[in-house]
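Chemist: Pasting query.cif here (mmCIF, C-alpha atoms):
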data_data
loop_
_atom_site.label_atom_id
_atom_site.label_comp_id
_atom_site.auth_asym_id
_atom_site.auth_seq_id
_atom_site.Cartn_x
_atom_site.Cartn_y
_atom_site.Cartn_z
CA MET L 4 160.27 -125.23 167.32
CA LYS L 5 163.79 -126.51 166.77
CA PRO L 6 162.99 -130.24 166.56
CA PHE L 7 159.99 -129.40 164.35
CA LEU L 8 162.10 -127.51 161.81
CA ALA L 9 164.75 -130.23 162.02
CA LEU L 10 162.06 -132.79 161.14
CA ILE L 11 160.94 -130.82 158.07
CA ARG L 12 164.56 -130.37 157.01
CA ARG L 13 165.10 -134.11 157.38
CA GLU L 14 162.04 -134.82 155.24
CA LEU L 15 163.32 -132.50 152.50
CA ILE L 16 166.82 -133.98 152.51
CA LEU L 17 165.48 -137.54 152.44
CA ALA L 18 163.17 -136.61 149.56
CA LEU L 19 166.12 -135.13 147.65
CA ARG L 20 168.25 -138.23 148.24
CA HIS L 21 165.39 -140.49 147.12
CA ALA L 22 164.15 -138.13 144.42
CA GLY L 23 162.59 -141.04 142.52
CA ASP L 24 159.50 -141.08 144.73
CA SER L 25 158.62 -137.42 144.12
CA VAL L 26 159.48 -137.61 140.43
CA ALA L 27 157.31 -140.73 140.07
CA SER L 28 154.20 -138.91 141.22
CA LEU L 29 154.97 -135.98 138.89
CA LEU L 30 155.43 -138.35 135.94
CA PHE L 31 152.19 -140.12 136.86
CA PHE L 32 150.45 -136.72 136.81
CA VAL L 33 151.78 -135.85 133.35
CA ILE L 34 151.16 -139.29 131.84
CA ALA L 35 147.64 -139.68 133.24
CA ALA L 36 146.74 -136.21 131.92
CA SER L 37 148.10 -137.04 128.47
CA LEU L 38 146.05 -140.25 128.47
CA PHE L 39 142.94 -138.09 128.80
CA ALA L 40 144.08 -136.05 125.82
CA PHE L 41 144.67 -139.22 123.79
CA ALA L 42 141.41 -140.87 124.83
CA ILE L 43 139.14 -137.87 124.29
CA GLY L 44 140.85 -136.48 121.21
CA PRO L 45 142.43 -133.16 120.45
CA SER L 46 139.19 -131.16 120.15
CA ALA L 47 139.89 -127.95 122.03
CA ASN L 48 136.22 -127.46 122.92
CA VAL L 49 135.85 -130.74 124.77
CA LEU L 50 139.33 -130.79 126.29
CA SER L 51 139.29 -127.27 127.64
CA GLY L 52 135.88 -127.96 129.19
CA ILE L 53 137.08 -130.93 131.19
CA ALA L 54 140.65 -129.72 131.82
CA PRO L 55 140.11 -128.15 135.27
CA GLY L 56 138.30 -131.22 136.61
CA VAL L 57 140.81 -133.61 135.09
CA VAL L 58 143.77 -131.68 136.50
CA TRP L 59 142.13 -131.58 139.92
CA VAL L 60 141.35 -135.30 140.06
CA ILE L 61 144.69 -136.44 138.67
CA ALA L 62 146.61 -134.13 141.00
CA LEU L 63 144.80 -135.76 143.94
CA LEU L 64 145.59 -139.26 142.70
CA ALA L 65 149.23 -138.34 142.03
CA ALA L 66 149.62 -136.85 145.51
CA LEU L 67 148.22 -140.08 146.99
CA LEU L 68 151.00 -142.19 145.46
CA PRO L 69 153.79 -141.44 147.98
CA LEU L 70 151.41 -141.40 150.96
CA ASN L 71 151.57 -145.10 151.77
CA ARG L 72 155.30 -144.72 152.45
CA LEU L 73 154.89 -141.45 154.38
CA PHE L 74 154.97 -143.13 157.80
CA ALA L 75 155.51 -146.76 156.80
CA ALA L 76 159.21 -146.35 155.91
CA ASP L 77 159.96 -144.73 159.27
CA PHE L 78 157.74 -147.25 161.05
CA GLU L 79 159.61 -150.22 159.62
CA ASP L 80 163.18 -149.05 160.23
CA GLY L 81 162.57 -147.77 163.76
CA SER L 82 162.93 -144.08 162.87
CA LEU L 83 159.34 -143.43 163.91
CA ASP L 84 160.22 -144.50 167.48
CA GLN L 85 163.07 -141.98 167.46
CA LEU L 86 160.80 -139.26 166.03
CA MET L 87 158.20 -139.94 168.72
CA LEU L 88 160.99 -139.55 171.30
CA SER L 89 162.44 -136.40 169.72
CA GLY L 90 160.68 -134.16 172.21
CA LEU L 91 157.85 -133.30 169.83
CA PRO L 92 154.26 -134.21 170.68
CA ALA L 93 152.88 -136.94 168.41
CA SER L 94 150.72 -134.40 166.58
CA GLY L 95 153.87 -132.33 165.94
CA VAL L 96 155.58 -135.33 164.36
CA ALA L 97 152.49 -135.89 162.19
CA MET L 98 152.32 -132.22 161.18
CA GLY L 99 156.02 -132.17 160.28
CA LYS L 100 155.57 -135.21 158.06
CA ILE L 101 152.42 -133.69 156.49
CA ILE L 102 154.25 -130.44 155.70
CA GLY L 103 157.09 -132.53 154.29
CA HIS L 104 154.63 -134.34 152.04
CA TRP L 105 153.19 -131.06 150.77
CA LEU L 106 156.62 -129.55 150.10
CA THR L 107 157.89 -132.64 148.26
CA THR L 108 154.68 -133.66 146.43
CA GLY L 109 151.98 -130.97 146.58
CA LEU L 110 154.22 -128.05 145.68
CA PRO L 111 155.90 -129.76 142.68
CA LEU L 112 152.46 -130.87 141.44
CA LEU L 113 151.28 -127.29 141.71
CA LEU L 114 154.26 -126.09 139.66
CA ILE L 115 153.64 -128.61 136.91
CA ALA L 116 149.82 -128.29 136.92
CA GLY L 117 149.96 -125.10 134.82
CA PRO L 118 151.77 -126.65 131.83
CA VAL L 119 149.60 -129.78 132.08
CA ALA L 120 146.43 -127.65 132.01
CA VAL L 121 147.71 -125.81 128.93
CA MET L 122 148.41 -129.18 127.32
CA LEU L 123 144.72 -130.00 127.93
CA ARG L 124 143.88 -126.81 125.97
CA LEU L 125 142.87 -124.74 128.98
CA GLY L 126 143.23 -121.07 128.07
CA GLY L 127 146.31 -119.41 129.56
CA ASP L 128 144.13 -116.81 131.28
CA ALA L 129 142.21 -119.55 133.15
CA VAL L 130 145.34 -121.19 134.53
CA PRO L 131 145.99 -118.82 137.48
CA GLN L 132 142.45 -119.40 138.74
CA LEU L 133 142.94 -123.17 138.52
CA LEU L 134 146.21 -122.91 140.45
CA ALA L 135 144.55 -120.68 143.06
CA THR L 136 142.12 -123.52 143.81
CA LEU L 137 144.81 -126.20 143.64
CA LEU L 138 146.97 -124.44 146.23
CA PRO L 139 144.52 -125.07 149.11
CA GLY L 140 143.51 -128.31 147.38
CA THR L 141 146.97 -129.89 147.56
CA MET L 142 147.36 -128.70 151.15
CA LEU L 143 144.04 -130.35 152.02
CA LEU L 144 145.14 -133.57 150.38
CA SER L 145 148.38 -133.59 152.38
CA LEU L 146 146.39 -133.10 155.60
CA VAL L 147 143.65 -135.63 154.82
CA GLY L 148 146.09 -138.06 153.21
CA GLY L 149 148.59 -137.80 156.06
CA MET L 150 145.80 -138.52 158.53
CA SER L 151 144.68 -141.53 156.49
CA ALA L 152 148.26 -142.77 156.15
CA ALA L 153 148.71 -142.63 159.93
CA VAL L 154 145.40 -144.39 160.57
CA THR L 155 146.23 -147.23 158.16
CA LEU L 156 149.82 -147.56 159.43
CA GLY L 157 150.55 -151.17 160.28
CA ALA L 158 147.10 -152.31 159.14
CA ARG L 159 146.87 -155.26 156.80
CA GLY L 160 146.04 -154.03 153.30
CA GLY L 161 146.82 -150.47 154.34
CA THR L 162 147.86 -149.60 150.80
CA VAL L 163 144.33 -150.25 149.53
CA LEU L 164 142.66 -148.85 152.60
CA LEU L 165 144.46 -145.50 152.43
CA PRO L 166 142.80 -144.12 149.26
CA LEU L 167 139.48 -145.59 150.38
CA ILE L 168 139.67 -143.41 153.49
CA ALA L 169 141.30 -140.33 151.98
CA LEU L 170 139.39 -139.94 148.70
CA PRO L 171 135.83 -139.76 150.12
CA LEU L 172 137.04 -137.10 152.57
CA MET L 173 138.37 -135.14 149.60
CA ILE L 174 134.98 -135.04 147.79
CA PRO L 175 133.97 -131.60 149.16
CA ALA L 176 137.37 -130.19 148.19
CA VAL L 177 137.04 -131.59 144.66
CA ILE L 178 133.52 -130.17 144.26
CA PHE L 179 134.46 -126.67 145.36
CA GLY L 180 137.91 -126.73 143.85
CA ALA L 181 136.86 -127.81 140.36
CA ALA L 182 133.86 -125.47 140.46
CA GLY L 183 136.03 -122.59 141.62
CA ALA L 184 138.49 -123.22 138.81
CA VAL L 185 135.83 -122.39 136.18
CA ALA L 186 133.56 -119.98 138.10
CA GLN L 187 133.14 -116.40 136.94
CA SER L 188 134.03 -115.21 140.37
CA PRO L 189 135.64 -117.96 142.48
CA TYR L 190 135.60 -116.22 145.85
CA ALA L 191 132.81 -118.32 147.37
CA GLU L 192 134.53 -121.55 146.34
CA LEU L 193 137.90 -120.33 147.58
CA ALA L 194 136.27 -119.40 150.88
CA MET L 195 134.83 -122.93 151.12
CA LEU L 196 138.28 -124.41 150.45
CA GLY L 197 139.72 -122.10 153.10
CA GLY L 198 137.01 -123.29 155.48
CA LEU L 199 137.89 -126.93 154.82
CA LEU L 200 141.55 -126.07 155.39
CA ALA L 201 140.65 -124.41 158.69
CA LEU L 202 138.73 -127.56 159.63
CA PHE L 203 141.45 -130.08 158.79
CA LEU L 204 144.45 -128.01 159.91
CA PRO L 205 143.82 -128.83 163.58
CA ILE L 206 141.96 -132.15 163.14
CA ALA L 207 144.36 -133.96 160.81
CA PRO L 208 147.59 -133.63 162.87
CA LEU L 209 145.76 -134.49 166.10
CA ALA L 210 144.09 -137.57 164.60
CA ALA L 211 147.30 -138.60 162.85
CA GLY L 212 149.30 -138.13 166.06
CA ALA L 213 146.89 -140.33 168.02
CA ALA L 214 147.10 -142.95 165.27
CA LEU L 215 150.92 -142.84 165.31
CA GLN L 216 150.93 -143.34 169.07
CA ALA L 217 148.68 -146.37 168.66
CA ALA L 218 150.90 -147.72 165.89
CA VAL L 219 154.19 -147.54 167.83
CA GLY L 220 152.55 -148.65 171.09
CA MET I 3 165.18 -141.43 190.03
CA LEU I 4 162.97 -143.74 188.03
CA GLU I 5 160.45 -145.90 189.80
CA ALA I 6 158.03 -148.43 188.35
CA ARG I 7 155.06 -149.52 190.44
CA GLY I 8 152.99 -152.53 189.45
CA LEU I 9 153.45 -152.12 185.71
CA ALA I 10 151.53 -154.47 183.41
CA ALA I 11 151.57 -154.79 179.63
CA ILE I 12 149.06 -156.37 177.30
CA ARG I 13 149.86 -157.08 173.66
CA GLY I 14 147.01 -158.18 171.48
CA GLU I 15 144.87 -160.11 173.93
CA ARG I 16 147.79 -161.50 175.88
CA LEU I 17 149.00 -160.33 179.26
CA ILE I 18 152.79 -160.20 178.91
CA PHE I 19 153.72 -159.26 182.44
CA ARG I 20 152.17 -157.69 185.50
CA ASP I 21 153.21 -156.34 188.87
CA ILE I 22 156.59 -155.17 187.66
CA SER I 23 158.11 -152.85 190.24
CA PHE I 24 161.65 -151.58 190.37
CA ARG I 25 163.69 -148.51 191.16
CA VAL I 26 166.66 -147.18 189.27
CA GLY I 27 168.64 -144.52 191.06
CA LEU I 28 171.45 -142.27 189.88
CA GLY I 29 174.42 -144.27 188.66
CA GLU I 30 172.49 -147.53 188.67
CA ALA I 31 171.91 -150.05 185.92
CA LEU I 32 169.14 -152.58 185.57
CA VAL I 33 169.71 -155.52 183.25
CA LEU I 34 166.49 -157.17 182.11
CA VAL I 35 166.85 -160.88 181.57
CA GLY I 36 164.37 -163.55 180.65
CA PRO I 37 163.50 -165.87 177.79
CA ASN I 38 162.20 -164.65 174.40
CA GLY I 39 158.70 -163.30 174.78
CA ALA I 40 159.10 -162.51 178.48
CA GLY I 41 158.40 -158.85 177.71
CA LYS I 42 161.84 -157.25 177.88
CA SER I 43 161.26 -155.10 174.78
CA SER I 44 157.72 -154.30 175.87
CA LEU I 45 158.97 -153.11 179.25
CA ILE I 46 161.64 -150.93 177.64
CA ARG I 47 159.13 -149.40 175.22
CA LEU I 48 156.80 -148.82 178.12
CA VAL I 49 159.48 -147.03 180.15
CA ALA I 50 160.31 -144.96 177.04
CA GLY I 51 156.69 -143.81 176.93
CA LEU I 52 156.09 -145.36 173.52
CA THR I 53 153.50 -147.80 174.89
CA PRO I 54 151.02 -146.86 177.58
CA PRO I 55 151.02 -149.32 180.49
CA ALA I 56 147.91 -151.48 180.93
CA SER I 57 148.11 -150.71 184.62
CA GLY I 58 150.59 -149.42 187.15
CA GLU I 59 152.57 -146.22 187.11
CA LEU I 60 155.96 -144.93 186.16
CA LEU I 61 157.41 -142.23 188.38
CA TRP I 62 160.26 -139.85 187.65
CA ASP I 63 161.51 -138.19 190.85
CA GLY I 64 158.16 -139.03 192.40
CA ALA I 65 155.97 -137.48 189.69
CA ASP I 66 154.07 -139.35 186.98
CA ALA I 67 156.57 -139.65 184.11
CA LEU I 68 154.01 -140.37 181.39
CA ASP I 69 151.95 -137.26 182.13
CA ASP I 70 153.96 -135.28 179.61
CA PRO I 71 155.41 -137.65 176.98
CA PRO I 72 157.49 -135.00 175.11
CA LEU I 73 159.11 -133.97 178.41
CA HIS I 74 159.71 -137.59 179.37
CA ALA I 75 161.31 -138.17 175.95
CA THR I 76 163.97 -135.54 176.70
CA ARG I 77 165.06 -137.52 179.77
CA LEU I 78 165.92 -140.65 177.85
CA CYS I 79 167.84 -142.02 174.92
CA PHE I 80 166.29 -145.12 173.39
CA VAL I 81 168.11 -147.66 171.24
CA GLY I 82 165.52 -150.17 170.07
CA HIS I 83 166.10 -153.41 168.23
CA ALA I 84 165.58 -151.55 164.94
CA ASP I 85 168.56 -149.34 164.15
CA ALA I 86 166.54 -146.38 162.78
CA ILE I 87 169.15 -145.69 160.13
CA LYS I 88 168.36 -144.04 156.80
CA PRO I 89 170.52 -145.61 154.09
CA GLY I 90 170.30 -142.47 151.95
CA LEU I 91 171.89 -140.25 154.59
CA SER I 92 175.57 -140.22 155.46
CA VAL I 93 176.74 -141.79 158.70
CA ALA I 94 177.11 -138.36 160.34
CA GLU I 95 173.75 -137.14 158.99
CA ASN I 96 172.04 -140.15 160.54
CA LEU I 97 172.88 -138.70 163.95
CA GLY I 98 170.75 -135.66 163.23
CA LEU I 99 170.56 -132.91 160.66
CA ASP I 100 170.90 -130.05 163.11
CA ARG I 101 173.32 -127.67 161.40
CA ARG I 102 174.02 -125.78 164.61
CA ARG I 103 175.36 -128.86 166.34
CA PRO I 104 179.17 -128.70 166.13
CA ARG I 105 180.59 -131.37 163.87
CA ALA I 106 183.21 -132.12 166.51
CA LEU I 107 180.46 -133.44 168.80
CA VAL I 108 179.15 -135.74 166.07
CA LEU I 109 182.65 -137.02 165.32
CA GLU I 110 183.25 -137.58 169.02
CA ALA I 111 180.05 -139.65 169.24
CA LEU I 112 181.13 -141.64 166.19
CA ALA I 113 184.58 -142.12 167.74
CA SER I 114 182.90 -143.67 170.80
CA VAL I 115 181.84 -146.55 168.54
CA ASP I 116 184.92 -146.41 166.29
CA LEU I 117 183.02 -145.17 163.22
CA GLU I 118 184.55 -141.71 162.79
CA ARG I 119 186.43 -142.84 159.66
CA PHE I 120 183.10 -143.47 157.94
CA ALA I 121 181.43 -140.18 158.92
CA ASP I 122 180.81 -139.02 155.36
CA LEU I 123 180.05 -142.40 153.82
CA PRO I 124 176.43 -143.21 152.93
CA ALA I 125 174.98 -145.34 155.72
CA ARG I 126 173.82 -147.93 153.19
CA LEU I 127 177.46 -149.09 152.88
CA LEU I 128 177.66 -150.08 156.55
CA SER I 129 177.57 -153.72 157.64
CA SER I 130 174.86 -154.77 160.08
CA GLY I 131 177.27 -154.63 163.02
CA GLN I 132 178.40 -151.15 161.97
CA ARG I 133 174.77 -150.06 161.67
CA ARG I 134 174.25 -151.26 165.23
CA ARG I 135 177.26 -149.26 166.35
CA LEU I 136 175.91 -146.18 164.59
CA ALA I 137 172.61 -146.63 166.43
CA LEU I 138 174.53 -146.92 169.71
CA SER I 139 176.50 -143.74 168.98
CA ARG I 140 173.26 -141.81 169.57
CA LEU I 141 173.85 -142.52 173.25
CA ALA I 142 177.12 -140.59 173.25
CA LEU I 143 175.44 -137.65 171.56
CA SER I 144 172.51 -137.45 173.93
CA ALA I 145 172.73 -135.64 177.25
CA SER I 146 169.78 -137.59 178.66
CA PRO I 147 170.22 -139.26 182.03
CA LEU I 148 168.34 -142.48 181.20
CA TRP I 149 169.59 -144.92 178.58
CA LEU I 150 167.13 -147.56 177.37
CA LEU I 151 168.87 -150.33 175.46
CA ASP I 152 167.01 -153.17 173.76
CA GLU I 153 169.45 -155.98 172.92
CA PRO I 154 172.29 -153.48 172.35
CA THR I 155 174.90 -156.16 171.64
CA THR I 156 173.11 -157.80 168.69
CA GLY I 157 175.61 -158.19 165.86
CA LEU I 158 178.48 -156.53 167.72
CA ASP I 159 181.99 -157.99 167.72
CA ALA I 160 183.84 -158.57 170.99
CA ALA I 161 185.77 -155.29 170.82
CA SER I 162 182.56 -153.32 170.23
CA VAL I 163 180.85 -155.04 173.17
CA ARG I 164 183.74 -154.01 175.42
CA ARG I 165 183.53 -150.45 174.05
CA LEU I 166 179.80 -150.41 174.79
CA GLU I 167 180.45 -151.66 178.33
CA ALA I 168 183.02 -148.90 178.81
CA ASN I 169 180.57 -146.28 177.49
CA ILE I 170 177.84 -147.53 179.81
CA ALA I 171 180.25 -147.55 182.77
CA LYS I 172 181.25 -143.97 181.96
CA HIS I 173 177.59 -142.94 181.79
CA LEU I 174 176.88 -144.60 185.15
CA GLY I 175 179.95 -142.92 186.61
CA ARG I 176 178.48 -139.53 185.64
CA GLY I 177 175.32 -140.41 187.57
CA GLY I 178 173.37 -141.70 184.58
CA MET I 179 170.84 -144.52 184.61
CA VAL I 180 170.68 -147.52 182.32
CA ILE I 181 168.00 -150.11 181.65
CA ALA I 182 169.19 -152.76 179.22
CA ALA I 183 167.58 -155.92 177.92
CA THR I 184 170.13 -158.48 176.91
CA HIS I 185 170.85 -162.17 176.50
CA LEU I 186 174.61 -161.75 176.51
CA PRO I 187 176.01 -161.09 179.95
CA LEU I 188 177.20 -157.49 180.04
CA ASP I 189 180.10 -156.79 182.32
CA LEU I 190 178.77 -153.78 184.18
CA PRO I 191 179.88 -152.77 187.65
CA GLY I 192 176.99 -152.87 190.06
CA ALA I 193 174.32 -153.76 187.50
CA ARG I 194 171.31 -155.48 189.01
CA PRO I 195 169.73 -158.28 187.03
CA PHE I 196 165.95 -158.17 186.83
CA ASP I 197 164.35 -161.43 185.78
CA LEU I 198 161.13 -161.04 183.84
CA ALA I 199 160.48 -164.77 183.57
CA GLY I 200 157.43 -165.89 185.47
CA GLN I 201 156.01 -162.41 185.78
CA ALA I 202 153.14 -163.24 183.42
CA ALA I 203 149.84 -164.43 184.71
#
Mind turning the file's structure into structure tokens?

Modeler:
Amino acid sequence: MKPFLALIRRELILALRHAGDSVASLLFFVIAASLFAFAIGPSANVLSGIAPGVVWVIALLAALLPLNRLFAADFEDGSLDQLMLSGLPASGVAMGKIIGHWLTTGLPLLLIAGPVAVMLRLGGDAVPQLLATLLPGTMLLSLVGGMSAAVTLGARGGTVLLPLIALPLMIPAVIFGAAGAVAQSPYAELAMLGGLLALFLPIAPLAAGAALQAAVG
Amino acid sequence: MLEARGLAAIRGERLIFRDISFRVGLGEALVLVGPNGAGKSSLIRLVAGLTPPASGELLWDGADALDDPPLHATRLCFVGHADAIKPGLSVAENLGLDRRRPRALVLEALASVDLERFADLPARLLSSGQRRRLALSRLALSASPLWLLDEPTTGLDAASVRRLEANIAKHLGRGGMVIAATHLPLDLPGARPFDLAGQAA
């Protein structure tokens, strides 16, 4: 457990020292959401109708931004070799990096999603339900995205390939998440998101770990 | 004791070497020599467990070393040709962010490469030779018996090379093992050269 916690701590400290990367995805989130408001117009009826879906989709895209550097930076400077030799199994290294991504990207997005949804004229009483779906949603994106980032590590054109692998895998999460955000009673949708989480929680670190081993090998 | 039996490595579609067998016992050093592309780095990465061998086996005290990669990783300290240094962290932080590790140990490791004055400086201010020395200071911090060094002297000045030789000699004196790939002759007592040239098919 010690090297695993040390890895997460390292990810957090590195993210704080290079805060620009995390802030960039937050700014992208805010700006892209305001573009929707500008493009569609200030009509509360239309905006509040599309707000949950827009917030969901833009949060996914914003969380994708730092993913192509998730393993690539460590791969290029040799740190990934040291992480693979830190006494953790490869899947443990992948899981540590995935948790790091969620803490430095998913969690801040979640915190800022409420104000952004209000800006898109979503009623204040609907915001908690939206956030309840985004919580498992951002976790799923970190898992699926981390897996895709590991698979595309070292591949030519990996930057383009990464969203092409990650986004289709996120379609079920988007369907249930956006539906759950506006449903009368969102328990079925939340259960589906929980099911997806239970599916990817073991698969993503194992697949990512195998991909990391192939990349350093 | 580390023993390699008939190791072979393939990169891409190319066989780099085959039938590599050697033994490294306690207090022994193996210096890999050979021209560029002979497979020195590949062999070191293979022994580290980073790359699976195409054939052959690697034994640690008679048991398959690569059976349990995380366990094998605890037996070795690897300094690759990349320095694995994060410019955003301080020199001391680059050696690990474990808060429970006494700072005196970190400073001692930095002193072994004459970098203790820079402990709290951001690593991005280091020159390339100093970065190399910082990478090498990981050796002093690790308690692992096997040191795997890939071109450790790249970018080092003469004094640092002598310091590295002294550190390696001390490690061997404690019963440690060293496998180093190098072009520069390292002055190590009792080191056996191992020529990789002509091992390819």

Chemist: With a cut-off of 10 Å and counting only C-alpha atoms, select all residues of chain I in contact with chain L and give the selection as number ranges by chain.

Modeler: I: 13, 44, 47-48, 50-55, 70-91, 95-96, 98-101

Chemist: Evaluating the PyMOL selection byres ((chain L and resi 35) around 12) on the displayed file yields which residues, as a count of residues only?

Modeler: 26

Chemist: Write out as JSON, numbers by chain the residues lying within 6 Å of region 177-191 of chain L, counting only C-alpha atoms and excluding same-chain residues fewer than 5 positions away.

Modeler: {"L": [56, 132, 133, 136]}

Chemist: Work out how far apart CA of Leu112 (chain I) and CA of Arg126 (chain I) are and give it in Å to one decimal.

Modeler: 16.2 Å

Chemist: Compile the contact shell of Trp105 (chain L) as a count of residues only: residues with an atom at most 12 Å away, counting all atoms listed in the file, same-chain residues fewer than 6 positions apart removed.

Modeler: 28

Chemist: Would you compute the distance between CA of Ala56 (chain I) and CA of Pro205 (chain L)? Give it in Å to one decimal.

Modeler: 28.8 Å

Chemist: In Å, rounded to a single decimal, give me how far CA of Ser129 (chain I) is from CA of Ala171 (chain I).

Modeler: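 That distance, rounded to one decimal, is 26.0 Å.
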
Chemist: Using the chain letters and numbers from this file, what does the PyMOL selection byres ((chain L and resi 151-160) around 8) select? Give the answer as a list of chain:residue names.

Modeler: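 Residues picked by the PyMOL selection byres ((chain L and resi 151-160) around 8): L:Leu70, L:Asn71, L:Leu73, L:Phe74, L:Ala75, L:Val147, L:Gly148, L:Gly149, L:Met150, L:Gly161, L:Thr162, L:Val163, L:Leu164, L:Leu165, L:Pro166, L:Ile168, L:Ala169, L:Ala211, L:Gly212, L:Ala214, L:Leu215, L:Ala218.
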
Chemist: Counting only C-alpha atoms, write as a PyMOL selection string all protein and nucleic acid residues lying at most 9 Å from (167.1, -157.2, 182.8) in the file's frame.

Modeler: chain I and resi 32-36+42+181-185+194-198

Chemist: Can you list, as a PyMOL selection string, the residues that the PyMOL selection byres ((chain I and resi 21-27) around 8) selects here?

Modeler: chain I and resi 3-10+19-20+28-32+58+179+201

Chemist: Report as a list in words all protein, DNA and RNA residues lying within 10 Å of Ser162 (chain I), evaluated on all atoms listed in the file, omitting residues in the same chain fewer than 2 positions from it.

Modeler: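 Result of the neighbour search: Ser114, Val115, Asp116, Gly131, Gln132, Arg134, Arg135, Thr155, Gly157, Leu158, Asp159, Ala160, Arg164, Arg165, Leu166, Glu167 and Ala168 of chain I.
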
Chemist: Can you work out which one of L:Leu50, L:Val26, L:Val96, L:Met195 has the shortest atom-to-atom distance to Leu68 (chain L), counting only C-alpha atoms?

Modeler: L:Val26

Chemist: Give the padded box for region 142-151 of chain I as AutoDock Vina command-line options: axis-aligned, covering all atoms listed in the file, 8 Å on each side, centre and edge lengths in Å to one decimal.

Modeler:
--center_x 172.1 --center_y -143.0 --center_z 176.8 --size_x 26.0 --size_y 30.7 --size_z 26.5

Chemist: Kindly indicate which residue among L:Leu199, L:Pro175, L:Ile101, L:Gly117 lies nearest to Ala129 (chain L), using only C-alpha atoms for the distances.

Modeler: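 Closest residue, counting only C-alpha atoms: L:Gly117.
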
Chemist: Rank L:Leu137, L:Phe7, L:Leu125, L:Leu209 by their smallest atom-to-atom distance to Lys100 (chain L), using all atoms listed in the file, and report the top residue only.

Modeler: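 Checking each candidate against Lys100 (chain L), we get L:Phe7 as the closest.
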